[in-house]
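Dropping structure-v6.txt in here (compact mmCIF, C-alpha atoms (C1' of nucleotides)):
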# COMPACT_ATOMS: atom_id res chain seq x y z
CA MET V 17 0.00 0.00 0.00
CA THR V 18 1.35 3.41 -0.94
CA ARG V 19 1.98 6.01 1.70
CA SER V 20 -0.55 8.41 0.21
CA ARG V 21 -3.24 5.77 0.12
CA MET V 22 -2.56 4.98 3.75
CA ARG V 23 -2.83 8.64 4.60
CA LEU V 24 -6.07 8.93 2.66
CA ALA V 25 -7.56 6.03 4.59
CA ASN V 26 -6.56 7.50 7.94
CA GLU V 27 -7.85 10.95 7.07
CA SER V 28 -11.22 9.63 6.02
CA TRP V 29 -11.46 7.48 9.15
CA GLU V 30 -10.67 10.44 11.34
CA SER V 31 -13.24 12.50 9.51
CA ILE V 32 -15.93 9.90 10.07
CA LEU V 33 -14.94 9.44 13.71
CA THR V 34 -15.28 13.15 14.32
CA ALA V 35 -18.64 13.26 12.59
CA HIS V 36 -19.80 10.24 14.54
CA ALA V 37 -18.84 11.80 17.87
CA ALA V 38 -20.45 15.13 16.99
CA LEU V 39 -23.70 13.56 15.85
CA MET V 40 -23.89 11.14 18.77
CA LYS V 41 -23.52 14.04 21.18
CA ARG V 42 -26.17 15.94 19.34
CA PHE V 43 -28.59 13.01 19.41
CA ALA V 44 -27.82 12.28 23.04
CA ALA V 45 -28.76 15.85 23.90
CA GLU V 46 -32.26 15.39 22.49
CA PRO V 47 -34.93 15.02 25.17
CA ILE V 48 -36.19 11.64 23.97
CA TRP V 49 -34.15 9.23 26.08
CA ASP V 50 -36.26 9.12 29.18
CA GLU V 51 -37.76 5.65 28.93
CA VAL V 52 -34.77 4.02 27.28
CA SER V 53 -31.17 5.17 27.05
CA MET V 54 -29.39 5.38 23.72
CA ARG V 55 -27.60 2.10 24.28
CA GLU V 56 -30.77 0.38 25.34
CA TYR V 57 -32.47 1.76 22.26
CA ASP V 58 -29.66 0.36 20.14
CA VAL V 59 -30.47 -3.10 21.49
CA LEU V 60 -34.22 -2.69 21.09
CA TYR V 61 -33.78 -1.41 17.54
CA THR V 62 -31.48 -4.26 16.56
CA LEU V 63 -33.97 -6.76 17.96
CA SER V 64 -36.83 -5.04 16.16
CA LYS V 65 -35.05 -5.34 12.82
CA HIS V 66 -34.47 -9.05 13.28
CA GLU V 67 -36.96 -11.66 12.16
CA GLY V 68 -37.84 -13.86 15.10
CA PRO V 69 -35.75 -14.34 18.22
CA MET V 70 -32.09 -13.43 18.24
CA ARG V 71 -29.08 -14.96 19.93
CA PRO V 72 -27.14 -12.71 22.31
CA PHE V 73 -23.88 -13.19 20.42
CA GLU V 74 -25.54 -12.09 17.18
CA LEU V 75 -26.82 -9.04 18.98
CA GLY V 76 -23.32 -8.41 20.27
CA ARG V 77 -21.92 -8.05 16.79
CA GLY V 78 -24.04 -5.00 16.11
CA VAL V 79 -23.67 -3.36 19.48
CA LEU V 80 -20.51 -1.67 20.72
CA LEU V 81 -20.46 -3.37 24.12
CA SER V 82 -18.47 -6.16 25.71
CA GLN V 83 -20.19 -9.50 26.07
CA PRO V 84 -20.68 -9.16 29.85
CA ALA V 85 -21.97 -5.61 29.52
CA LEU V 86 -24.47 -6.69 26.90
CA SER V 87 -25.52 -9.67 29.00
CA ARG V 88 -26.35 -7.37 31.87
CA LEU V 89 -27.98 -4.72 29.73
CA VAL V 90 -30.28 -7.39 28.33
CA GLU V 91 -30.98 -8.59 31.84
CA ARG V 92 -32.08 -5.11 32.86
CA LEU V 93 -34.33 -4.88 29.82
CA VAL V 94 -35.84 -8.24 30.73
CA GLU V 95 -36.51 -7.06 34.26
CA ARG V 96 -38.21 -3.98 32.87
CA GLY V 97 -40.43 -6.12 30.69
CA LEU V 98 -39.09 -4.84 27.36
CA VAL V 99 -37.23 -7.97 26.28
CA GLU V 100 -38.07 -11.65 26.54
CA ARG V 101 -35.26 -14.11 27.19
CA THR V 102 -35.89 -17.83 26.87
CA PRO V 103 -33.64 -20.87 26.59
CA ASP V 104 -32.79 -21.93 23.05
CA PRO V 105 -34.31 -25.36 22.38
CA GLU V 106 -31.70 -26.16 19.74
CA ASP V 107 -28.63 -25.13 21.75
CA GLY V 108 -28.60 -25.64 25.47
CA ARG V 109 -25.98 -22.95 25.96
CA GLY V 110 -27.90 -20.33 24.04
CA ARG V 111 -30.69 -17.92 24.72
CA ARG V 112 -33.31 -16.49 22.44
CA LEU V 113 -34.04 -12.82 22.77
CA GLY V 114 -37.09 -11.05 21.51
CA LEU V 115 -39.02 -7.86 22.13
CA THR V 116 -42.11 -7.98 24.28
CA SER V 117 -45.04 -5.94 23.04
CA ALA V 118 -44.05 -3.26 25.54
CA GLY V 119 -40.53 -3.40 24.14
CA ARG V 120 -41.75 -3.09 20.59
CA GLU V 121 -43.93 -0.19 21.58
CA ALA V 122 -41.09 1.58 23.36
CA GLN V 123 -38.80 1.06 20.38
CA ARG V 124 -41.39 2.50 18.00
CA ALA V 125 -42.09 5.50 20.20
CA VAL V 126 -38.48 6.46 20.72
CA GLY V 127 -37.47 5.37 17.23
CA GLY V 128 -39.98 7.64 15.59
CA ARG V 129 -38.71 10.70 17.35
CA HIS V 130 -35.08 9.73 16.93
CA ALA V 131 -35.54 9.16 13.21
CA VAL V 132 -36.66 12.76 12.83
CA ASP V 133 -33.49 14.01 14.51
CA VAL V 134 -31.32 11.71 12.40
CA ALA V 135 -33.02 12.83 9.24
CA HIS V 136 -32.40 16.47 10.05
CA ALA V 137 -28.79 15.92 11.04
CA LEU V 138 -27.97 14.23 7.74
CA ALA V 139 -30.41 15.56 5.20
CA ASP V 140 -29.86 19.18 6.17
CA VAL V 141 -26.22 19.04 5.11
CA LEU V 142 -25.96 16.18 2.61
CA THR V 143 -27.36 15.69 -0.86
CA ASP V 144 -29.29 12.57 -1.77
CA GLU V 145 -26.29 11.39 -3.71
CA GLU V 146 -24.00 11.84 -0.71
CA MET V 147 -26.37 9.93 1.53
CA ARG V 148 -26.44 7.10 -0.98
CA GLN V 149 -22.65 7.13 -1.11
CA LEU V 150 -22.46 7.07 2.66
CA GLY V 151 -24.84 4.13 2.85
CA ALA V 152 -22.92 2.18 0.25
CA ILE V 153 -19.56 2.87 1.90
CA GLY V 154 -20.91 1.91 5.30
CA ARG V 155 -22.14 -1.40 3.98
CA LYS V 156 -18.80 -2.13 2.37
CA LEU V 157 -16.96 -1.34 5.58
CA ALA V 158 -19.27 -3.32 7.83
CA GLY V 159 -19.06 -6.34 5.58
CA GLY V 160 -15.32 -5.97 5.27
CA LYS V 161 -13.23 -9.05 5.72
CA ALA V 162 -11.95 -10.00 9.14
CA PRO V 163 -8.40 -9.13 10.13
CA VAL V 164 -5.84 -11.61 8.94
CA GLN V 165 -2.94 -13.18 10.70
CA ARG V 166 -0.14 -10.83 9.90
CA SER V 167 3.01 -12.06 11.54
CA SER V 168 4.67 -15.41 11.95
CA GLU V 169 5.30 -14.22 15.49
CA GLU V 170 1.65 -14.64 16.32
CA ALA V 171 1.17 -17.66 14.14
CA VAL V 172 3.31 -19.87 16.32
CA LEU V 173 1.14 -19.36 19.38
CA MET I 1 -38.63 16.86 3.92
CA THR I 2 -40.05 14.02 1.86
CA ARG I 3 -40.59 10.64 3.40
CA SER I 4 -38.15 8.95 1.03
CA ARG I 5 -35.44 11.47 1.81
CA MET I 6 -35.98 10.90 5.51
CA ARG I 7 -35.71 7.16 4.96
CA LEU I 8 -32.54 7.61 2.92
CA ALA I 9 -30.97 9.63 5.72
CA ASN I 10 -31.86 7.04 8.33
CA GLU I 11 -30.62 4.16 6.22
CA SER I 12 -27.28 5.78 5.60
CA TRP I 13 -26.92 6.64 9.29
CA GLU I 14 -27.65 3.08 10.29
CA SER I 15 -25.15 1.86 7.75
CA ILE I 16 -22.42 4.09 9.12
CA LEU I 17 -23.28 3.20 12.71
CA THR I 18 -22.94 -0.47 11.92
CA ALA I 19 -19.65 0.07 10.15
CA HIS I 20 -18.40 2.19 13.03
CA ALA I 21 -19.24 -0.49 15.58
CA ALA I 22 -17.69 -3.26 13.50
CA LEU I 23 -14.47 -1.35 12.88
CA MET I 24 -14.16 -0.17 16.47
CA LYS I 25 -14.48 -3.74 17.69
CA ARG I 26 -11.90 -4.83 15.18
CA PHE I 27 -9.46 -2.11 16.22
CA ALA I 28 -10.09 -2.75 19.90
CA ALA I 29 -9.15 -6.38 19.38
CA GLU I 30 -5.70 -5.42 18.10
CA PRO I 31 -2.94 -6.01 20.64
CA ILE I 32 -1.69 -2.44 20.69
CA TRP I 33 -3.64 -0.96 23.60
CA ASP I 34 -1.40 -1.98 26.45
CA GLU I 35 0.11 1.36 27.41
CA VAL I 36 -2.94 3.45 26.57
CA SER I 37 -6.55 2.45 26.07
CA MET I 38 -8.43 3.46 22.96
CA ARG I 39 -10.19 6.31 24.72
CA GLU I 40 -6.96 7.54 26.20
CA TYR I 41 -5.38 7.38 22.78
CA ASP I 42 -8.25 9.42 21.41
CA VAL I 43 -7.37 12.16 23.87
CA LEU I 44 -3.64 11.95 23.24
CA TYR I 45 -4.23 12.03 19.49
CA THR I 46 -6.53 15.03 19.68
CA LEU I 47 -3.97 16.88 21.79
CA SER I 48 -1.19 15.93 19.41
CA LYS I 49 -3.07 17.41 16.46
CA HIS I 50 -3.61 20.69 18.25
CA GLU I 51 -1.17 23.55 18.03
CA GLY I 52 -0.14 24.54 21.54
CA PRO I 53 -2.11 23.86 24.70
CA MET I 54 -5.78 22.99 24.51
CA ARG I 55 -8.72 23.78 26.74
CA PRO I 56 -10.59 20.81 28.22
CA PHE I 57 -13.90 21.91 26.76
CA GLU I 58 -12.39 22.06 23.27
CA LEU I 59 -11.06 18.58 23.81
CA GLY I 60 -14.50 17.51 24.92
CA ARG I 61 -16.05 18.43 21.58
CA GLY I 62 -13.97 15.84 19.79
CA VAL I 63 -14.26 13.09 22.34
CA LEU I 64 -17.38 11.05 23.01
CA LEU I 65 -17.29 11.40 26.78
CA SER I 66 -19.20 13.40 29.34
CA GLN I 67 -17.42 16.41 30.79
CA PRO I 68 -16.81 14.75 34.19
CA ALA I 69 -15.55 11.56 32.57
CA LEU I 70 -13.13 13.54 30.42
CA SER I 71 -11.99 15.55 33.42
CA ARG I 72 -11.08 12.37 35.24
CA LEU I 73 -9.54 10.69 32.23
CA VAL I 74 -7.28 13.70 31.80
CA GLU I 75 -6.45 13.55 35.48
CA ARG I 76 -5.33 9.94 35.12
CA LEU I 77 -3.19 10.85 32.13
CA VAL I 78 -1.63 13.67 34.15
CA GLU I 79 -0.86 11.29 37.00
CA ARG I 80 0.76 8.93 34.53
CA GLY I 81 2.91 11.74 33.20
CA LEU I 82 1.46 11.74 29.68
CA VAL I 83 -0.40 15.03 29.87
CA GLU I 84 0.47 18.37 31.40
CA ARG I 85 -2.30 20.44 32.99
CA THR I 86 -1.67 24.02 34.01
CA PRO I 87 -3.91 26.95 34.90
CA ASP I 88 -4.90 29.19 32.01
CA PRO I 89 -3.40 32.65 32.54
CA GLU I 90 -6.08 34.31 30.43
CA ASP I 91 -9.10 32.64 32.03
CA GLY I 92 -9.04 31.83 35.69
CA ARG I 93 -11.63 29.09 35.27
CA GLY I 94 -9.73 27.33 32.53
CA ARG I 95 -6.94 24.85 32.21
CA ARG I 96 -4.41 24.34 29.51
CA LEU I 97 -3.69 20.80 28.44
CA GLY I 98 -0.69 19.63 26.54
CA LEU I 99 1.23 16.46 25.89
CA THR I 100 4.40 15.80 27.83
CA SER I 101 7.26 14.37 25.84
CA ALA I 102 6.35 10.96 27.23
CA GLY I 103 2.78 11.56 26.11
CA ARG I 104 3.86 12.55 22.64
CA GLU I 105 6.07 9.51 22.43
CA ALA I 106 3.27 7.19 23.57
CA GLN I 107 0.88 8.74 21.06
CA ARG I 108 3.37 8.28 18.24
CA ALA I 109 4.12 4.70 19.17
CA VAL I 110 0.52 3.58 19.44
CA GLY I 111 -0.61 5.84 16.62
CA GLY I 112 1.84 4.36 14.18
CA ARG I 113 0.61 0.85 14.75
CA HIS I 114 -3.03 1.89 14.84
CA ALA I 115 -2.71 3.79 11.57
CA VAL I 116 -1.65 0.58 9.88
CA ASP I 117 -4.75 -1.22 11.09
CA VAL I 118 -6.97 1.68 10.06
CA ALA I 119 -5.40 1.80 6.64
CA HIS I 120 -6.01 -1.90 6.10
CA ALA I 121 -9.58 -1.76 7.34
CA LEU I 122 -10.51 1.00 4.92
CA ALA I 123 -8.17 0.70 1.98
CA ASP I 124 -8.72 -3.03 1.58
CA VAL I 125 -12.39 -2.53 0.78
CA LEU I 126 -12.71 1.04 -0.49
CA THR I 127 -11.44 2.76 -3.59
CA ASP I 128 -9.51 6.01 -3.39
CA GLU I 129 -12.58 7.79 -4.64
CA GLU I 130 -14.76 6.27 -1.93
CA MET I 131 -12.29 7.24 0.76
CA ARG I 132 -12.30 10.79 -0.56
CA GLN I 133 -16.09 10.79 -0.55
CA LEU I 134 -16.16 9.48 3.00
CA GLY I 135 -13.75 12.16 4.15
CA ALA I 136 -15.76 14.91 2.50
CA ILE I 137 -19.05 13.65 3.90
CA GLY I 138 -17.59 13.32 7.38
CA ARG I 139 -16.36 16.89 7.29
CA LYS I 140 -19.76 18.14 6.18
CA LEU I 141 -21.47 16.21 8.95
CA ALA I 142 -19.07 17.26 11.67
CA GLY I 143 -19.32 20.88 10.71
CA GLY I 144 -23.07 20.62 10.38
CA LYS I 145 -25.12 23.35 11.92
CA ALA I 146 -26.32 23.02 15.49
CA PRO I 147 -29.80 21.75 16.14
CA VAL I 148 -32.44 24.42 15.78
CA GLN I 149 -35.45 25.14 17.91
CA ARG I 150 -38.09 23.16 16.12
CA SER I 151 -41.35 23.52 17.97
CA SER I 152 -43.18 26.36 19.64
CA GLU I 153 -43.73 23.86 22.42
CA GLU I 154 -40.07 24.04 23.33
CA ALA I 155 -39.70 27.70 22.51
CA VAL I 156 -41.82 28.78 25.45
CA LEU I 157 -39.56 27.15 27.99
C1' DT U 19 -18.21 -43.72 23.84
C1' DT U 20 -15.73 -40.53 25.90
C1' DA U 21 -12.33 -37.19 26.96
C1' DA U 22 -10.25 -32.68 25.13
C1' DG U 23 -11.08 -28.52 23.26
C1' DG U 24 -14.25 -24.91 21.77
C1' DT U 25 -18.25 -21.76 22.28
C1' DA U 26 -22.31 -19.23 24.68
C1' DG U 27 -23.61 -16.73 28.26
C1' DA U 28 -23.38 -15.36 33.38
C1' DT U 29 -20.95 -13.50 37.48
C1' DG U 30 -17.30 -11.32 40.93
C1' DC U 31 -14.96 -7.25 41.24
C1' DA U 32 -12.37 -3.11 40.42
C1' DA U 33 -12.32 0.68 37.25
C1' DA U 34 -14.78 4.07 34.68
C1' DC U 35 -18.94 6.49 33.51
C1' DG U 36 -23.01 9.84 33.69
C1' DC U 37 -25.99 12.82 36.36
C1' DA U 38 -26.45 16.25 39.57
C1' DT U 39 -24.18 19.64 41.81
C1' DC U 40 -20.60 22.73 43.33
C1' DA U 41 -16.94 26.32 43.39
C1' DA U 42 -14.49 29.58 40.85
C1' DC U 43 -14.32 32.76 37.48
C1' DT U 44 -16.09 35.63 33.52
C1' DT U 45 -19.50 38.33 31.13
C1' DC U 46 -23.13 41.39 30.62
C1' DG U 47 -26.88 44.57 31.58
C1' DA U 48 -28.71 48.02 34.67
C1' DT O 1 -19.63 49.45 39.09
C1' DC O 2 -22.02 45.85 40.71
C1' DG O 3 -25.12 42.02 40.95
C1' DA O 4 -27.31 38.29 38.03
C1' DA O 5 -26.58 35.01 34.74
C1' DG O 6 -23.45 32.16 32.14
C1' DT O 7 -19.32 29.27 31.60
C1' DT O 8 -15.52 26.19 32.95
C1' DG O 9 -13.89 22.41 35.24
C1' DA O 10 -14.02 19.39 39.54
C1' DT O 11 -16.37 16.26 42.89
C1' DG O 12 -20.02 13.05 45.37
C1' DC O 13 -22.48 9.13 44.31
C1' DG O 14 -25.08 5.51 42.28
C1' DT O 15 -24.92 2.85 37.88
C1' DT O 16 -22.65 0.61 34.19
C1' DT O 17 -18.63 -1.15 32.01
C1' DG O 18 -14.67 -4.32 31.01
C1' DC O 19 -11.51 -8.02 32.42
C1' DA O 20 -10.98 -12.36 34.20
C1' DT O 21 -13.15 -16.30 35.20
C1' DC O 22 -16.75 -19.69 35.67
C1' DT O 23 -20.40 -22.98 34.35
C1' DA O 24 -22.87 -25.34 31.00
C1' DC O 25 -23.24 -27.19 26.73
C1' DC O 26 -21.66 -28.51 22.02
C1' DT O 27 -18.20 -30.63 18.83
C1' DT O 28 -14.65 -33.49 17.43
C1' DA O 29 -11.59 -37.20 17.23
C1' DA O 30 -9.45 -41.23 19.14

Take the structure in this file and express it as structure tokens.
Amino acid sequence: MTRSRMRLANESWESILTAHAALMKRFAAEPIWDEVSMREYDVLYTLSKHEGPMRPFELGRGVLLSQPALSRLVERLVERGLVERTPDPEDGRGRRLGLTSAGREAQRAVGGRHAVDVAHALADVLTDEEMRQLGAIGRKLAGGKAPVQRSSEEAVL
Amino acid sequence: MTRSRMRLANESWESILTAHAALMKRFAAEPIWDEVSMREYDVLYTLSKHEGPMRPFELGRGVLLSQPALSRLVERLVERGLVERTPDPEDGRGRRLGLTSAGREAQRAVGGRHAVDVAHALADVLTDEEMRQLGAIGRKLAGGKAPVQRSSEEAVL
DNA sequence: TTAAGGTAGATGCAAACGCATCAACTTCGA
DNA sequence: TCGAAGTTGATGCGTTTGCATCTACCTTAA
């Protein structure tokens, strides 16, 4: 990889990190996170997008939390009646997570308001074409291949 | 705003959120965060980019942390000799933050290795043109205008 | 069949976080 | 000029997080 290409990659990553932080702060400041926090909403939203029950480790891939933190966050949501957690009949180790009707309702209520804020934050400064580009780039990055073994030093372990 | 434009904005935001989470997890898994954690590095990096000393509240804009959390994180970095914190002569409330030479060295060491990982994560799946687009979009989003008063309901408060 | 190794999720515990609040200082209008 | 309001950064405190570890279950191969 050329030096300039490496620099380009790092500059664009920094740019997106800065934008991410700025927008997250802006969204967090909105007065819509009373019933569920942003992180809790993230979990409810991910569950709502998923057909049928979801395994905790699948959920973990989409959420920026450690496995124990997610386990406990889910537990709190269960206690609050927003998420249902049952044993997985096909895998004795696993659990199946799903929204309760109260959880679905909470997700829809908060989600509706949040979507308006998101739409303003992006659509007010980006063209349709830019939003399409952003979506396409995001999908490429998220689906990007896993890191590879790079050094023989690690390979021997 | 049309419904389809609102949907486009939300889809692209979700796409970038997913990519952000996936990449952050990938970077976090790299074995380079022994001396400084990712959040600490974020602070060191932001300070390193800044000409001269920096005010904590400026630093806070770029870092996704609450003001008290940042205040304490900085305090830990000061105790570890990576950051220098002195009173601001021009504003009695303020502080001036700067990297010590050890802090600059730590930032460079970790930053060099991290930059390689970042470069691979992006450049392996994006074209130069896409990286340029991402950078431009990020800058537009980060510089985006502050949220406006939207409803008369809030305006009366 | 069974023991070794791998994976999913939960738990103990110290560290870190966010909210509310405070103290110190600056700014601004009367 | 002086008091009220705003801003900056720190601190008390309850909650949440991550790391290490544990249990339970699945998978694989001898």

Give me the residues near segment 15-17 of chain I as a tab-separated table (two decimals) with C-alpha atoms, in the frame of the given file, where near means some atom within 12 Å (using only C-alpha atoms (C1' of nucleotides)) and where sequence neighbours in that chain fewer than 5 positions away do not count.
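Saved result, selection-v1.tsv, follows:
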chain	number	residue	atom	x	y	z
V	29	TRP	CA	-11.46	7.48	9.15
V	32	ILE	CA	-15.93	9.90	10.07
V	33	LEU	CA	-14.94	9.44	13.71
V	35	ALA	CA	-18.64	13.26	12.59
V	36	HIS	CA	-19.80	10.24	14.54
V	37	ALA	CA	-18.84	11.80	17.87
V	39	LEU	CA	-23.70	13.56	15.85
V	40	MET	CA	-23.89	11.14	18.77
V	58	ASP	CA	-29.66	0.36	20.14
V	62	THR	CA	-31.48	-4.26	16.56
V	78	GLY	CA	-24.04	-5.00	16.11
V	79	VAL	CA	-23.67	-3.36	19.48
V	80	LEU	CA	-20.51	-1.67	20.72
V	134	VAL	CA	-31.32	11.71	12.40
V	138	LEU	CA	-27.97	14.23	7.74
V	147	MET	CA	-26.37	9.93	1.53
V	148	ARG	CA	-26.44	7.10	-0.98
V	149	GLN	CA	-22.65	7.13	-1.11
V	150	LEU	CA	-22.46	7.07	2.66
V	151	GLY	CA	-24.84	4.13	2.85
V	152	ALA	CA	-22.92	2.18	0.25
V	153	ILE	CA	-19.56	2.87	1.90
V	154	GLY	CA	-20.91	1.91	5.30
V	155	ARG	CA	-22.14	-1.40	3.98
V	156	LYS	CA	-18.80	-2.13	2.37
V	157	LEU	CA	-16.96	-1.34	5.58
V	158	ALA	CA	-19.27	-3.32	7.83
V	159	GLY	CA	-19.06	-6.34	5.58
I	8	LEU	CA	-32.54	7.61	2.92
I	9	ALA	CA	-30.97	9.63	5.72
I	10	ASN	CA	-31.86	7.04	8.33
I	22	ALA	CA	-17.69	-3.26	13.50
I	23	LEU	CA	-14.47	-1.35	12.88
I	24	MET	CA	-14.16	-0.17	16.47
I	134	LEU	CA	-16.16	9.48	3.00
I	137	ILE	CA	-19.05	13.65	3.90
I	138	GLY	CA	-17.59	13.32	7.38

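Those residues that approach DA29 of chain O to within 12 Å, counting only C-alpha atoms (C1' of nucleotides), are U:DT19, U:DT20, U:DA21, U:DA22, U:DG23; same-chain residues fewer than 4 positions away are not listed.
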
Kindly extract all protein, DNA and RNA residues lying within 7 Å of the coordinates (-24.3, 7.2, 33.0) given in the file, considering all atoms listed in the file, and supply them as a short mmCIF file (atom, residue, chain, number, x, y, z; two decimals) with C-alpha atoms (C1' of nucleotides), in the frame of the given file.
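Contents of selection_29.cif, as written:
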data_model
loop_
_atom_site.label_atom_id
_atom_site.label_comp_id
_atom_site.auth_asym_id
_atom_site.auth_seq_id
_atom_site.Cartn_x
_atom_site.Cartn_y
_atom_site.Cartn_z
"C1'" DC U 35 -18.94 6.49 33.51
"C1'" DG U 36 -23.01 9.84 33.69
"C1'" DC U 37 -25.99 12.82 36.36
"C1'" DT O 15 -24.92 2.85 37.88
"C1'" DT O 16 -22.65 0.61 34.19
#

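Pairwise distance (atom CA of His136 of chain V, atom CA of Thr2 of chain I) equals 11.5 Å.
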
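What separates atom CA of Val74 of chain I from atom CA of Gly112 of chain I is a distance of 21.9 Å.
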
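A straight line drawn from atom CA of Gly52 of chain I to atom CA of Ala102 of chain I is 16.1 Å long.
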
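Of the listed residues (I:Glu79, I:Asp117, I:Asp91, I:Glu84), I:Asp91 comes nearest to chain O; the distances count only C-alpha atoms (C1' of nucleotides).
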
Do you have, as CSV, the list of residues of chain O lying at most 10 Å from chain I, each with its nearest atom pair and that distance in Å to one decimal, counting all atoms listed in the file and ordered by chain then number?
residue,atom,partner,partner_atom,distance
O:DT7,C1',I:Arg93,CA,8.5
O:DT8,C1',I:Arg93,CA,5.4
O:DG9,C1',I:Gly94,CA,7.0
O:DA10,C1',I:Ser71,CA,7.5
O:DT11,C1',I:Pro68,CA,8.8

Just want the 10 Å neighbourhood of Leu77 of chain I, counted on only C-alpha atoms (C1' of nucleotides), with same-chain residues fewer than 4 positions away dropped. Output as a short mmCIF file (atom, residue, chain, number, x, y, z; two decimals) with C-alpha atoms, keeping the file's coordinate frame.
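What landed in selection_30.cif:
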data_model
loop_
_atom_site.label_atom_id
_atom_site.label_comp_id
_atom_site.auth_asym_id
_atom_site.auth_seq_id
_atom_site.Cartn_x
_atom_site.Cartn_y
_atom_site.Cartn_z
CA VAL I 36 -2.94 3.45 26.57
CA GLU I 40 -6.96 7.54 26.20
CA VAL I 43 -7.37 12.16 23.87
CA LEU I 44 -3.64 11.95 23.24
CA ARG I 72 -11.08 12.37 35.24
CA LEU I 73 -9.54 10.69 32.23
CA GLY I 81 2.91 11.74 33.20
CA LEU I 82 1.46 11.74 29.68
CA VAL I 83 -0.40 15.03 29.87
CA GLU I 84 0.47 18.37 31.40
CA ARG I 85 -2.30 20.44 32.99
CA LEU I 99 1.23 16.46 25.89
CA GLY I 103 2.78 11.56 26.11
#

Handout entry: Of the listed residues U:DT25, U:DA34, U:DC46, U:DT39, that which approaches chain I most closely, counting only C-alpha atoms (C1' of nucleotides)
Key = U:DA34

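Contact shell of DA48 of chain U at 12 Å (all atoms listed in the file; same-chain neighbours under 3 positions omitted): O:DT1, O:DC2, O:DG3, O:DA4.
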
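Residues of chain U lying within 10 Å of chain V, counting all atoms listed in the file, are DT25, DA26, DG27, DA28 and DT29 of chain U.
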
For C-alpha atoms (C1' of nucleotides), I'd like the residues from the last selection saved as a PDB file, keeping the file's coordinate frame.
ATOM      1  C1'  DT U  25     -18.250 -21.760  22.280  1.00  0.00           C
ATOM      2  C1'  DA U  26     -22.310 -19.230  24.680  1.00  0.00           C
ATOM      3  C1'  DG U  27     -23.610 -16.730  28.260  1.00  0.00           C
ATOM      4  C1'  DA U  28     -23.380 -15.360  33.380  1.00  0.00           C
ATOM      5  C1'  DT U  29     -20.950 -13.500  37.480  1.00  0.00           C
TER       6       DT U  29
END

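Checking I:Met38, I:Ala109, I:Leu70, I:Met6 one by one against chain V, counting only C-alpha atoms, you find the shortest gap at I:Met6.
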
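For the residues V:Ser117, V:Thr102, V:Thr143, V:Ser64, ranking by smallest atom-to-atom distance to chain I using all atoms listed in the file places V:Thr143 first.
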
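The nearest approach to Arg26 of chain I among the residues I:Leu126, I:Ala121, I:Leu47, I:Ala106, with all atoms listed in the file taken into account, belongs to I:Ala121.
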
List the residues sitting within 7 Å of (-14.4, -13.0, 36.1) in the file's frame, using only C-alpha atoms (C1' of nucleotides), as an mmCIF file with C-alpha atoms (C1' of nucleotides), in the coordinates of the input.
data_model
loop_
_atom_site.group_PDB
_atom_site.id
_atom_site.type_symbol
_atom_site.label_atom_id
_atom_site.label_comp_id
_atom_site.auth_asym_id
_atom_site.auth_seq_id
_atom_site.Cartn_x
_atom_site.Cartn_y
_atom_site.Cartn_z
ATOM 1 C "C1'" DT U 29 -20.950 -13.500 37.480
ATOM 2 C "C1'" DG U 30 -17.300 -11.320 40.930
ATOM 3 C "C1'" DC O 19 -11.510 -8.020 32.420
ATOM 4 C "C1'" DA O 20 -10.980 -12.360 34.200
ATOM 5 C "C1'" DT O 21 -13.150 -16.300 35.200
#
